[in-house]
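Colleague: The following file, model_10.cif, comprises mmCIF, C-alpha atoms:
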data_final
#
loop_
_atom_site.label_atom_id
_atom_site.label_comp_id
_atom_site.auth_asym_id
_atom_site.auth_seq_id
_atom_site.Cartn_x
_atom_site.Cartn_y
_atom_site.Cartn_z
CA MET V 1 54.60 90.89 104.08
CA LYS V 2 55.81 87.63 105.64
CA LYS V 3 57.55 86.77 102.38
CA HIS V 4 59.41 90.12 102.41
CA LEU V 5 60.46 89.62 106.02
CA PHE V 6 61.72 86.13 105.20
CA LEU V 7 63.77 87.40 102.27
CA PHE V 8 65.21 90.19 104.39
CA ALA V 9 66.16 87.76 107.16
CA ALA V 10 67.72 85.38 104.64
CA ALA V 11 69.77 88.20 103.10
CA LEU V 12 70.89 89.34 106.53
CA LEU V 13 71.89 85.80 107.48
CA PHE V 14 73.84 85.42 104.23
CA ALA V 15 75.70 88.69 104.83
CA CYS V 16 76.57 87.65 108.39
CA ASN V 17 77.80 84.25 107.21
CA ALA V 18 79.89 85.84 104.43
CA SER V 19 81.43 88.19 106.96
CA ALA V 20 82.13 85.34 109.36
CA GLN V 21 84.04 83.50 106.65
CA LEU V 22 86.72 86.19 106.66
CA ARG V 23 89.18 87.33 109.27
CA PHE V 24 91.17 90.52 109.11
CA VAL V 25 94.74 91.27 110.20
CA ASP V 26 96.24 94.71 110.50
CA ALA V 27 98.67 95.34 107.65
CA THR V 28 101.31 96.44 110.17
CA GLU V 29 101.57 92.76 111.13
CA LEU V 30 102.84 92.02 107.61
CA ASN V 31 106.04 93.27 105.96
CA LEU V 32 105.87 96.77 104.48
CA ILE V 33 108.67 97.52 102.01
CA GLY V 34 109.64 100.53 99.90
CA LYS V 35 110.61 103.12 102.53
CA ALA V 36 114.07 104.64 102.41
CA GLN V 37 113.96 105.21 106.18
CA PRO V 38 111.56 104.12 108.93
CA THR V 39 108.78 106.53 109.88
CA PRO V 40 106.54 106.68 112.97
CA HIS V 41 103.46 106.47 110.74
CA PRO V 42 103.52 103.17 108.85
CA TYR V 43 102.31 104.54 105.51
CA HIS V 44 104.27 107.81 105.32
CA ARG V 45 107.46 107.82 103.26
CA ILE V 46 109.19 110.64 105.16
CA ASP V 47 108.85 111.69 108.79
CA THR V 48 107.62 115.25 108.30
CA VAL V 49 107.98 116.00 112.01
CA ARG V 50 111.71 115.27 111.91
CA TYR V 51 112.45 116.69 108.46
CA LYS V 52 111.50 120.32 107.87
CA GLY V 53 111.33 122.68 104.92
CA PHE V 54 108.69 120.98 102.83
CA THR V 55 105.92 123.07 101.33
CA LYS V 56 102.33 122.16 102.19
CA THR V 57 102.01 120.18 98.95
CA GLU V 58 105.34 118.40 99.40
CA ASN V 59 104.43 117.56 102.97
CA GLN V 60 101.21 115.98 101.76
CA GLN V 61 102.93 114.10 98.94
CA VAL V 62 105.54 112.41 101.12
CA ARG V 63 102.69 111.16 103.32
CA CYS V 64 101.26 109.36 100.28
CA SER V 65 102.36 105.80 99.56
CA PRO V 66 103.75 105.44 95.99
CA GLY V 67 106.27 102.61 95.87
CA LEU V 68 105.25 101.16 99.23
CA ALA V 69 104.12 97.54 99.17
CA LEU V 70 103.09 94.74 101.48
CA VAL V 71 104.73 91.33 101.05
CA PHE V 72 103.08 88.32 102.64
CA ARG V 73 102.22 84.65 102.25
CA THR V 74 98.75 83.17 102.41
CA ASN V 75 96.81 80.13 101.28
CA SER V 76 93.54 82.04 101.24
CA THR V 77 91.24 81.73 98.23
CA ARG V 78 90.39 85.44 98.45
CA ILE V 79 92.00 88.64 99.67
CA GLU V 80 89.94 91.55 100.92
CA LEU V 81 91.16 95.00 101.91
CA ARG V 82 89.79 97.48 104.43
CA PRO V 83 91.58 100.82 103.90
CA GLU V 84 91.05 104.05 105.80
CA TYR V 85 92.15 107.21 103.99
CA ALA V 86 92.95 110.77 105.02
CA SER V 87 90.65 113.42 103.60
CA PHE V 88 92.92 114.41 100.69
CA VAL V 89 91.65 113.28 97.28
CA TYR V 90 93.92 113.52 94.22
CA GLY V 91 92.26 115.38 91.36
CA GLY V 92 94.62 114.68 88.44
CA ALA V 93 92.58 114.26 85.26
CA SER V 94 94.81 111.68 83.58
CA THR V 95 95.26 109.30 86.54
CA PRO V 96 92.45 106.83 87.29
CA ARG V 97 91.30 106.12 90.85
CA VAL V 98 92.68 102.59 90.60
CA ALA V 99 96.16 104.18 90.58
CA SER V 100 95.59 107.15 92.88
CA GLU V 101 93.44 105.40 95.53
CA GLY V 102 93.62 101.72 94.65
CA PHE V 103 95.80 98.69 95.26
CA ASP V 104 97.81 96.60 92.81
CA LEU V 105 98.38 92.90 93.57
CA TYR V 106 101.03 90.58 92.12
CA ILE V 107 101.56 86.91 92.99
CA ARG V 108 104.83 85.12 92.36
CA LYS V 109 104.53 82.29 89.84
CA ASP V 110 107.45 80.31 88.43
CA GLY V 111 109.84 82.83 89.94
CA GLU V 112 108.20 85.91 88.37
CA TRP V 113 105.72 88.45 89.67
CA LEU V 114 102.48 87.89 87.78
CA TYR V 115 99.70 90.48 87.82
CA ALA V 116 96.74 89.27 89.89
CA SER V 117 94.36 92.21 90.30
CA SER V 118 94.04 95.95 90.86
CA LEU V 119 91.10 97.78 92.37
CA ALA V 120 89.95 100.86 94.25
CA PRO V 121 86.99 100.88 96.65
CA SER V 122 83.67 101.88 95.06
CA LYS V 123 83.69 104.69 97.59
CA ARG V 124 85.86 105.55 100.55
CA GLY V 125 84.84 103.62 103.63
CA ASN V 126 83.98 100.48 101.70
CA ASP V 127 85.90 97.21 101.82
CA LEU V 128 87.12 95.79 98.53
CA THR V 129 87.67 92.23 97.42
CA ILE V 130 90.80 92.54 95.35
CA VAL V 131 90.88 88.87 94.32
CA LYS V 132 88.67 85.84 94.92
CA GLU V 133 87.97 82.28 93.77
CA MET V 134 91.64 81.26 93.84
CA ASP V 135 92.89 77.81 94.82
CA SER V 136 94.11 77.15 98.36
CA SER V 137 97.79 76.74 97.53
CA GLU V 138 100.49 78.84 99.24
CA LYS V 139 100.90 82.20 97.51
CA GLU V 140 103.61 84.84 97.78
CA CYS V 141 101.92 88.23 97.42
CA LEU V 142 103.20 91.70 96.54
CA LEU V 143 100.58 94.38 97.14
CA TYR V 144 101.43 97.93 96.05
CA LEU V 145 99.67 100.70 97.99
CA PRO V 146 97.98 103.72 96.36
CA ASN V 147 100.09 106.15 94.36
CA TYR V 148 98.42 109.37 95.43
CA SER V 149 96.52 108.84 98.68
CA GLU V 150 97.43 109.00 102.34
CA LEU V 151 96.46 105.84 104.17
CA LEU V 152 95.58 106.10 107.84
CA SER V 153 95.18 102.35 108.31
CA LEU V 154 94.83 99.14 106.33
CA GLN V 155 93.53 95.68 107.17
CA VAL V 156 93.88 92.58 105.02
CA GLY V 157 91.14 89.97 105.04
CA VAL V 158 91.57 86.28 104.25
CA ASP V 159 89.50 83.10 104.58
CA GLU V 160 88.69 82.40 108.22
CA ASN V 161 90.68 79.15 108.28
CA ALA V 162 93.53 80.36 106.06
CA HIS V 163 96.88 81.58 107.30
CA ILE V 164 98.56 84.87 106.43
CA GLU V 165 102.08 85.79 107.48
CA PRO V 166 104.75 88.34 106.60
CA MET V 167 107.48 87.27 104.20
CA GLU V 168 111.00 88.61 103.86
CA ASN V 169 111.67 91.38 101.38
CA PRO V 170 112.00 89.49 98.09
CA PHE V 171 114.19 92.21 96.55
CA ARG V 172 117.92 92.72 97.03
CA HIS V 173 120.25 95.70 97.56
CA LYS V 174 118.70 99.12 98.18
CA ILE V 175 118.35 101.80 95.52
CA VAL V 176 116.76 105.10 96.50
CA ILE V 177 115.11 106.99 93.64
CA PHE V 178 114.14 110.67 93.87
CA GLY V 179 112.01 112.13 91.13
CA SER V 180 109.10 113.96 89.62
CA SER V 181 105.56 112.94 88.70
CA TYR V 182 107.12 110.46 86.28
CA THR V 183 108.80 108.60 89.12
CA HIS V 184 105.66 109.11 91.20
CA GLY V 185 103.63 107.28 88.54
CA VAL V 186 101.17 109.98 87.50
CA SER V 187 98.98 108.79 84.58
CA THR V 188 99.71 105.13 85.18
CA SER V 189 96.67 102.89 85.26
CA ARG V 190 97.64 101.24 88.56
CA ALA V 191 100.09 101.64 91.41
CA GLY V 192 102.67 99.06 90.31
CA MET V 193 103.17 100.55 86.85
CA SER V 194 105.57 103.39 87.67
CA TYR V 195 108.87 102.72 85.92
CA PRO V 196 110.86 102.10 89.17
CA MET V 197 108.38 99.45 90.28
CA GLN V 198 108.48 97.78 86.87
CA ILE V 199 112.29 97.68 87.02
CA GLU V 200 112.06 96.33 90.57
CA ARG V 201 109.92 93.37 89.52
CA SER V 202 111.99 92.75 86.39
CA THR V 203 115.43 92.78 88.03
CA GLY V 204 114.74 91.81 91.63
CA LEU V 205 116.50 95.00 92.78
CA TYR V 206 114.91 96.93 95.64
CA PHE V 207 113.75 100.48 94.85
CA CYS V 208 112.65 103.00 97.50
CA SER V 209 110.78 105.90 95.90
CA ILE V 210 111.04 109.47 97.14
CA ALA V 211 108.97 110.85 94.28
CA CYS V 212 107.10 114.14 94.56
CA SER V 213 104.99 115.09 91.58
CA GLY V 214 105.94 118.56 90.34
CA ASN V 215 108.25 119.13 93.28
CA CYS V 216 111.54 117.40 92.50
CA LYS V 217 113.56 120.61 92.10
CA LEU V 218 116.94 119.83 93.69
CA GLN V 219 115.83 121.36 97.00
CA PRO V 220 118.46 121.33 99.78
CA TYR V 221 116.01 119.87 102.32
CA PHE V 222 115.50 116.82 100.11
CA ALA V 223 119.28 116.49 99.91
CA ASP V 224 119.41 116.61 103.72
CA TYR V 225 116.94 113.75 103.88
CA LEU V 226 118.91 111.68 101.36
CA CYS V 227 122.10 112.32 103.34
CA ASP V 228 120.63 110.27 106.18
CA VAL V 229 119.97 107.19 104.05
CA LYS V 230 123.35 105.71 104.92
CA ASP V 231 122.54 102.17 103.78
CA ALA V 232 121.61 103.00 100.17
CA ASP V 233 123.69 101.02 97.67
CA ALA V 234 122.95 103.65 95.01
CA MET V 235 120.74 106.66 94.36
CA VAL V 236 118.93 107.47 91.11
CA PHE V 237 117.63 110.93 90.25
CA ASP V 238 114.89 111.98 87.84
CA ALA V 239 116.06 115.50 88.70
CA PHE V 240 115.62 117.48 85.48
CA SER V 241 111.90 117.08 84.81
CA ASN V 242 110.57 119.71 87.23
CA PRO V 243 113.18 122.50 87.51
CA ASP V 244 113.71 124.98 84.69
CA ALA V 245 117.10 125.55 83.04
CA LYS V 246 118.04 128.39 85.40
CA MET V 247 117.24 126.31 88.47
CA ILE V 248 119.27 123.37 87.16
CA ARG V 249 122.31 125.61 86.64
CA GLU V 250 122.01 127.15 90.10
CA ARG V 251 121.06 124.12 92.20
CA LEU V 252 122.63 120.96 90.77
CA ILE V 253 126.22 121.30 92.00
CA PRO V 254 125.26 122.43 95.55
CA PHE V 255 122.72 119.59 95.70
CA ILE V 256 125.31 116.96 94.81
CA ALA V 257 127.93 118.55 97.08
CA ARG V 258 125.51 118.40 100.01
CA ILE V 259 124.92 114.68 99.50
CA ARG V 260 128.58 113.96 98.80
CA GLU V 261 129.60 115.45 102.11
CA ALA V 262 127.54 112.83 103.94
CA LEU V 263 127.81 109.98 101.41
CA PRO V 264 131.29 110.23 99.86
CA THR V 265 131.18 107.06 97.75
CA THR V 266 127.52 106.20 97.08
CA PRO V 267 126.86 106.05 93.31
CA LEU V 268 124.64 108.95 92.25
CA ILE V 269 122.97 108.34 88.89
CA PHE V 270 121.14 111.20 87.19
CA VAL V 271 118.73 110.53 84.31
CA GLN V 272 117.87 112.99 81.55
CA THR V 273 114.23 114.05 81.36
CA ILE V 274 112.07 112.74 78.54
CA TYR V 275 110.64 114.57 75.54
CA ARG V 276 107.13 115.86 76.20
CA GLU V 277 104.54 115.61 73.44
CA ASN V 278 103.14 119.06 74.34
CA GLY V 279 106.15 120.40 72.41
CA ASN V 280 105.07 118.89 69.10
CA PHE V 281 103.44 122.17 68.02
CA ASN V 282 103.87 124.59 70.94
CA LEU V 283 107.20 126.19 70.04
CA ARG V 284 107.74 128.05 73.32
CA TYR V 285 107.10 124.90 75.35
CA ARG V 286 109.40 122.91 73.10
CA GLN V 287 112.21 125.42 73.59
CA GLN V 288 111.78 125.49 77.37
CA GLU V 289 112.13 121.71 77.49
CA ALA V 290 115.13 121.76 75.15
CA ASP V 291 116.79 124.38 77.37
CA LYS V 292 116.28 122.14 80.41
CA ARG V 293 117.88 119.17 78.70
CA GLN V 294 120.83 121.27 77.54
CA ALA V 295 121.34 122.73 81.01
CA ALA V 296 121.33 119.20 82.42
CA ARG V 297 124.00 118.10 79.92
CA GLU V 298 126.27 121.04 80.68
CA MET V 299 125.93 120.85 84.45
CA MET V 300 126.28 117.07 84.57
CA ALA V 301 129.50 117.32 82.56
CA GLN V 302 130.80 119.66 85.27
CA ALA V 303 129.50 117.45 88.08
CA MET V 304 131.14 114.30 86.73
CA LYS V 305 134.50 116.12 86.63
CA GLN V 306 134.06 117.49 90.13
CA PHE V 307 132.70 114.40 91.95
CA ASP V 308 133.55 110.71 91.90
CA ASN V 309 130.90 108.06 91.25
CA VAL V 310 128.47 110.50 89.66
CA TYR V 311 126.84 109.33 86.44
CA PHE V 312 124.55 110.77 83.77
CA ILE V 313 122.22 108.66 81.62
CA ASP V 314 121.32 110.81 78.63
CA LYS V 315 119.46 108.30 76.50
CA LYS V 316 117.15 109.47 73.75
CA ASN V 317 113.63 108.20 73.33
CA LEU V 318 113.19 106.46 76.67
CA THR V 319 109.47 106.26 75.87
CA GLY V 320 109.92 105.71 72.13
CA ASP V 321 110.02 108.03 69.11
CA ASP V 322 106.67 107.20 67.51
CA HIS V 323 104.67 109.83 69.46
CA VAL V 324 101.96 107.40 70.60
CA THR V 325 102.77 107.05 74.31
CA SER V 326 101.49 110.26 75.89
CA ALA V 327 98.56 110.30 78.31
CA ASP V 328 98.15 114.08 78.53
CA GLY V 329 101.01 115.76 76.64
CA ILE V 330 103.30 115.58 79.68
CA HIS V 331 103.04 112.14 81.25
CA PRO V 332 103.40 108.81 79.45
CA SER V 333 100.70 106.19 79.23
CA ASP V 334 101.30 102.69 80.55
CA LEU V 335 102.96 101.87 77.22
CA GLY V 336 105.30 104.83 77.68
CA TYR V 337 106.20 103.83 81.22
CA TRP V 338 106.76 100.24 80.13
CA ARG V 339 109.15 101.42 77.41
CA TRP V 340 110.83 103.75 79.91
CA ALA V 341 111.48 100.84 82.26
CA LYS V 342 112.76 98.60 79.47
CA ASN V 343 115.07 101.26 78.01
CA LEU V 344 116.40 102.58 81.32
CA GLU V 345 116.96 99.20 82.97
CA PRO V 346 120.05 98.13 80.98
CA GLU V 347 121.65 101.57 81.42
CA LEU V 348 121.18 101.39 85.18
CA LEU V 349 122.47 97.83 85.30
CA LYS V 350 125.73 98.91 83.60
CA VAL V 351 126.38 101.40 86.40
CA PHE V 352 125.18 99.08 89.15
CA LYS V 353 127.53 96.35 87.92
CA LYS V 354 130.53 98.65 88.43
CA HIS V 355 129.59 98.87 92.10
CA GLY V 356 128.76 95.22 92.74
CA ILE V 357 125.00 95.72 92.56
CA ARG V 358 123.69 92.69 90.71
#
Would you mind writing the file's structure down as C-alpha cells?

Modeller:
Amino acid sequence: MKKHLFLFAAALLFACNASAQLRFVDATELNLIGKAQPTPHPYHRIDTVRYKGFTKTENQQVRCSPGLALVFRTNSTRIELRPEYASFVYGGASTPRVASEGFDLYIRKDGEWLYASSLAPSKRGNDLTIVKEMDSSEKECLLYLPNYSELLSLQVGVDENAHIEPMENPFRHKIVIFGSSYTHGVSTSRAGMSYPMQIERSTGLYFCSIACSGNCKLQPYFADYLCDVKDADAMVFDAFSNPDAKMIRERLIPFIARIREALPTTPLIFVQTIYRENGNFNLRYRQQEADKRQAAREMMAQAMKQFDNVYFIDKKNLTGDDHVTSADGIHPSDLGYWRWAKNLEPELLKVFKKHGIR
C-alpha cells in the first residue's frame, strides 16, 4: 500500500513539474493572419452580425478558421496548444480530424517554410504538444488553424524560460480568394494543404480565404462582403464548382457587376472548376459537370468583354490527367491539391504581374 502511495505521489509530482515547465500565452497576443477584414471574434473570418443573408450552414462555415494562421517567434524547445472549440463537429468522411480540428505547423528554414508537425487533440478539451525536443535557437513559426472547426479560444504554451512574440506578416500584397470546398481544403490531410495556402508558402503572396464548402454559388451577399475589402490587390474566384449551369448563367454577370461598382479596378480572376472523377462512369454526372464548365466559358467570355480587369483561367488538368488524385470522387487528395497549386500558380502569377503584384 505504501509503495502504491509513493508511486502515485511521484507521478503527481512529475505531472506538476512538467506543467510548471511550460507557460501559456493567449494566441490573441500573437499575430493572426489570413482574414480579409477584421472581426470582433478573433477566429471568425466574417462578422456575421454585420453581414446578413447567410444560411445557417454558411454562417457556421465563415466562423470556422480555414486559411487563418498565427505567426510568431520563439526559442522554445516545444510548443503546446490549448484550444477550446464550439460544439460543431465536422462529419465529412474523407477529411481526417488533423485537418478539420487540428493544427499545422511550419518553421522557416533557409528562407522556406518547412513542415514541422500537424496534430489534433486526442479529444476535445485536451492540450496537445504539437512539437517537442527541438533546439533552443530562434524560430519563425507559421501555425495554420483548423479547416473545419470554430475556435472559441486558443493558448500557446512554450518553455517557462523561453520567449514568444508576434512577428510581422511574412507574406506580401493581399489576395482574397472566394471558393468552394476545394478552396476550403476538404479532403486535405492537414490545414496547410489547401491549394491557396500551398501557393502562399511557395510564392510569399498573402492569401485571405473566404471559402465555404458547397456554398460558393455567386450569392449577392458574398459580393456585398467582398465589396468592402477595399485594400485587396486582387481577388480570385473558384466560382464554378458549386453552382449548376443555370445558376452560372443567371448569377455571374450580376455578381461581377456588384463588385465592380464598389471596386472598379481590382483584378478579378475566375478559375475553371476541375474534372471530378465521379464522372468516369456516371454519364449523367459527367454531363452535368461538362455543362457547368461550358456555361462558365460562355459567361466568362461575355464578362471579359463587359468589364475591365476580369480574367478567366481555363486550364485543363489542374490536378493531372492520370485519374489517381481523387479522395472521394469529388475532392482531390493531397497529391491532387499539390498539383493544383503547382499548375495554377504560374497562371495566377502572369495576371498578378500585369498589376504589379510580384

Colleague: Pick the closest to His41 (chain V) from V:Ser153, V:Thr325, V:Gln219, V:Thr77: which is it, counting only C-alpha atoms?

Modeller: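 Among the listed residues, the smallest separation from His41 (chain V) belongs to V:Ser153.
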
Colleague: At what distance in Å, to one decimal, does CA of Asn147 (chain V) lie from CA of Thr28 (chain V)?

Modeller: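 Separating CA of Thr28 (chain V) from CA of Asn147 (chain V) is a distance of 18.6 Å.
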
Colleague: Counting only C-alpha atoms, what is within 10 Å of Val158 (chain V), bar same-chain residues fewer than 2 positions away, as an MDAnalysis selection string?

Modeller: chainID V and resid 21:25 74:81 129 132 156 160:164

Colleague: May I have the protein, DNA and RNA residues with any atom at most 9 Å from the point (128.2, 118.8, 89.9), counting all atoms listed in the file, written as a list in words?

Modeller: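 The answer, in the requested form, is Leu252, Ile253, Pro254, Phe255, Ile256, Ala257, Met299, Met300, Ala301, Gln302, Ala303, Met304, Lys305, Gln306, Phe307 and Val310 of chain V.
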
Colleague: Quick one: everything within 7 Å of Asp104 (chain V), counting all atoms listed in the file, minus sequence neighbours fewer than 4 positions away in the same chain. Send it as a PDB file with C-alpha atoms, keeping the file's coordinate frame.

Modeller:
ATOM      1  CA  SER V 117      94.360  92.210  90.300  1.00  0.00           C
ATOM      2  CA  SER V 118      94.040  95.950  90.860  1.00  0.00           C
ATOM      3  CA  LEU V 119      91.100  97.780  92.370  1.00  0.00           C
ATOM      4  CA  LEU V 143     100.580  94.380  97.140  1.00  0.00           C
ATOM      5  CA  TYR V 144     101.430  97.930  96.050  1.00  0.00           C
ATOM      6  CA  LEU V 145      99.670 100.700  97.990  1.00  0.00           C
ATOM      7  CA  ARG V 190      97.640 101.240  88.560  1.00  0.00           C
ATOM      8  CA  ALA V 191     100.090 101.640  91.410  1.00  0.00           C
ATOM      9  CA  GLY V 192     102.670  99.060  90.310  1.00  0.00           C
TER      10      GLY V 192
END

Colleague: From the options V:Asp328, V:Asp233, V:Glu112, V:Glu250, which residue's atoms come nearest to His355 (chain V), counting only C-alpha atoms?

Modeller: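 Of V:Asp328, V:Asp233, V:Glu112, V:Glu250, the one nearest His355 (chain V), counting only C-alpha atoms, is V:Asp233.
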
Colleague: May I have the residues within 8 Å of Ser94 (chain V) as a VMD selection string, using all atoms listed in the file and disregarding those fewer than 2 positions away in the same chain?

Modeller: chain V and resid 92 96 186 to 187 327 to 328

Colleague: Between CA of Thr265 (chain V) and CA of Ile175 (chain V), what is the distance in Å, rounded to a tenth?

Modeller: 14.0 Å

Colleague: Using the chain letters and numbers from this file, what does the PyMOL selection byres ((chain V and resi 240-245) around 9) select? Give the answer as a ChimeraX atom specification.

Modeller: /V:179-182,213-218,237-239,246-250,270-274,288-296

Colleague: Can you spit out the residues from that selection as a PDB file, in the coordinates of the input, using C-alpha atoms?

Modeller:
ATOM      1  CA  GLY V 179     112.010 112.130  91.130  1.00  0.00           C
ATOM      2  CA  SER V 180     109.100 113.960  89.620  1.00  0.00           C
ATOM      3  CA  SER V 181     105.560 112.940  88.700  1.00  0.00           C
ATOM      4  CA  TYR V 182     107.120 110.460  86.280  1.00  0.00           C
ATOM      5  CA  SER V 213     104.990 115.090  91.580  1.00  0.00           C
ATOM      6  CA  GLY V 214     105.940 118.560  90.340  1.00  0.00           C
ATOM      7  CA  ASN V 215     108.250 119.130  93.280  1.00  0.00           C
ATOM      8  CA  CYS V 216     111.540 117.400  92.500  1.00  0.00           C
ATOM      9  CA  LYS V 217     113.560 120.610  92.100  1.00  0.00           C
ATOM     10  CA  LEU V 218     116.940 119.830  93.690  1.00  0.00           C
ATOM     11  CA  PHE V 237     117.630 110.930  90.250  1.00  0.00           C
ATOM     12  CA  ASP V 238     114.890 111.980  87.840  1.00  0.00           C
ATOM     13  CA  ALA V 239     116.060 115.500  88.700  1.00  0.00           C
ATOM     14  CA  LYS V 246     118.040 128.390  85.400  1.00  0.00           C
ATOM     15  CA  MET V 247     117.240 126.310  88.470  1.00  0.00           C
ATOM     16  CA  ILE V 248     119.270 123.370  87.160  1.00  0.00           C
ATOM     17  CA  ARG V 249     122.310 125.610  86.640  1.00  0.00           C
ATOM     18  CA  GLU V 250     122.010 127.150  90.100  1.00  0.00           C
ATOM     19  CA  PHE V 270     121.140 111.200  87.190  1.00  0.00           C
ATOM     20  CA  VAL V 271     118.730 110.530  84.310  1.00  0.00           C
ATOM     21  CA  GLN V 272     117.870 112.990  81.550  1.00  0.00           C
ATOM     22  CA  THR V 273     114.230 114.050  81.360  1.00  0.00           C
ATOM     23  CA  ILE V 274     112.070 112.740  78.540  1.00  0.00           C
ATOM     24  CA  GLN V 288     111.780 125.490  77.370  1.00  0.00           C
ATOM     25  CA  GLU V 289     112.130 121.710  77.490  1.00  0.00           C
ATOM     26  CA  ALA V 290     115.130 121.760  75.150  1.00  0.00           C
ATOM     27  CA  ASP V 291     116.790 124.380  77.370  1.00  0.00           C
ATOM     28  CA  LYS V 292     116.280 122.140  80.410  1.00  0.00           C
ATOM     29  CA  ARG V 293     117.880 119.170  78.700  1.00  0.00           C
ATOM     30  CA  GLN V 294     120.830 121.270  77.540  1.00  0.00           C
ATOM     31  CA  ALA V 295     121.340 122.730  81.010  1.00  0.00           C
ATOM     32  CA  ALA V 296     121.330 119.200  82.420  1.00  0.00           C
TER      33      ALA V 296
END

Colleague: Given all atoms listed in the file, how would the per-residue table for region 185-219 of chain V near region 61-73 of chain V read, listing every residue at most 9 Å away with its closest atom pair and distance in Å to one decimal, sorted by chain and number, as JSON lines?

Modeller:
{"residue": "V:Gly185", "atom": "CA", "partner": "V:Pro66", "partner_atom": "CA", "distance": 7.7}
{"residue": "V:Ala191", "atom": "CA", "partner": "V:Pro66", "partner_atom": "CA", "distance": 7.0}
{"residue": "V:Gly192", "atom": "CA", "partner": "V:Gly67", "partner_atom": "CA", "distance": 7.5}
{"residue": "V:Ser194", "atom": "CA", "partner": "V:Gly67", "partner_atom": "CA", "distance": 8.3}
{"residue": "V:Pro196", "atom": "CA", "partner": "V:Gly67", "partner_atom": "CA", "distance": 8.1}
{"residue": "V:Met197", "atom": "CA", "partner": "V:Gly67", "partner_atom": "CA", "distance": 6.8}
{"residue": "V:Phe207", "atom": "CA", "partner": "V:Gly67", "partner_atom": "CA", "distance": 7.8}
{"residue": "V:Cys208", "atom": "CA", "partner": "V:Gly67", "partner_atom": "CA", "distance": 6.6}
{"residue": "V:Ser209", "atom": "CA", "partner": "V:Gly67", "partner_atom": "CA", "distance": 5.6}
{"residue": "V:Ile210", "atom": "CA", "partner": "V:Val62", "partner_atom": "CA", "distance": 7.4}
{"residue": "V:Ala211", "atom": "CA", "partner": "V:Pro66", "partner_atom": "CA", "distance": 7.7}
{"residue": "V:Cys212", "atom": "CA", "partner": "V:Gln61", "partner_atom": "CA", "distance": 6.0}
{"residue": "V:Ser213", "atom": "CA", "partner": "V:Gln61", "partner_atom": "CA", "distance": 7.7}

Colleague: Could you give me, as a Markdown table, a per-residue list for region 142-213 of chain V showing, wherever an atom lies at most 7 Å from an atom of region 337-350 of chain V, the closest pair of atoms and their distance in Å to one decimal, using all atoms listed in the file and sorting by chain then residue number from low to high?

Modeller:
| residue | atom | partner | partner_atom | distance |
| --- | --- | --- | --- | --- |
| V:Ser194 | CA | V:Tyr337 | CA | 6.5 |
| V:Tyr195 | CA | V:Ala341 | CA | 4.9 |
| V:Gln198 | CA | V:Ala341 | CA | 6.3 |
| V:Ile199 | CA | V:Ala341 | CA | 5.8 |

Colleague: Go through V:Cys141, V:Val49, V:Ala262, V:Met235 one by one, measure the shortest atom-to-atom distance of each to Leu114 (chain V) using all atoms listed in the file, and give the residue with the smallest value.

Modeller: V:Cys141

Colleague: At a cut-off of 10 Å, using all atoms listed in the file, what residues contact Asp47 (chain V)? Leave out same-chain residues fewer than 5 positions from it and give the result as a list in words.

Modeller: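 These residues fall inside the cut-off: Gln37, Pro38, Thr39, Pro40, His41, Lys52, Asn59, Val62, Arg63 and Tyr225 of chain V.
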
Colleague: Nearest to Gly34 (chain V) among V:Lys56, V:Lys123, V:Lys109, V:Lys174, with distances taken over all atoms listed in the file: which residue is it?

Modeller: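 Closest to Gly34 (chain V), using all atoms listed in the file: V:Lys174.
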
Colleague: Please give the centre and size of the box around region 188-194 of chain V (axis-aligned, containing every atom listed in the file, 5 Å added per side), with values in Å to one decimal and written as JSON.

Modeller:
{"center_x": 101.1, "center_y": 102.1, "center_z": 88.3, "size_x": 18.9, "size_y": 16.1, "size_z": 16.2}

Colleague: What does the distance between CA of Gly157 (chain V) and CA of Arg82 (chain V) come to in Å, to one decimal place?

Modeller: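 These two atoms are separated by 7.7 Å.
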
Colleague: Give the answer as one residue: which of V:Glu168, V:Glu133, V:Glu140, V:Glu298 has the shortest atom-to-atom distance to Arg108 (chain V), using only C-alpha atoms?

Modeller: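 So, comparing all the options, the nearest one is V:Glu140.
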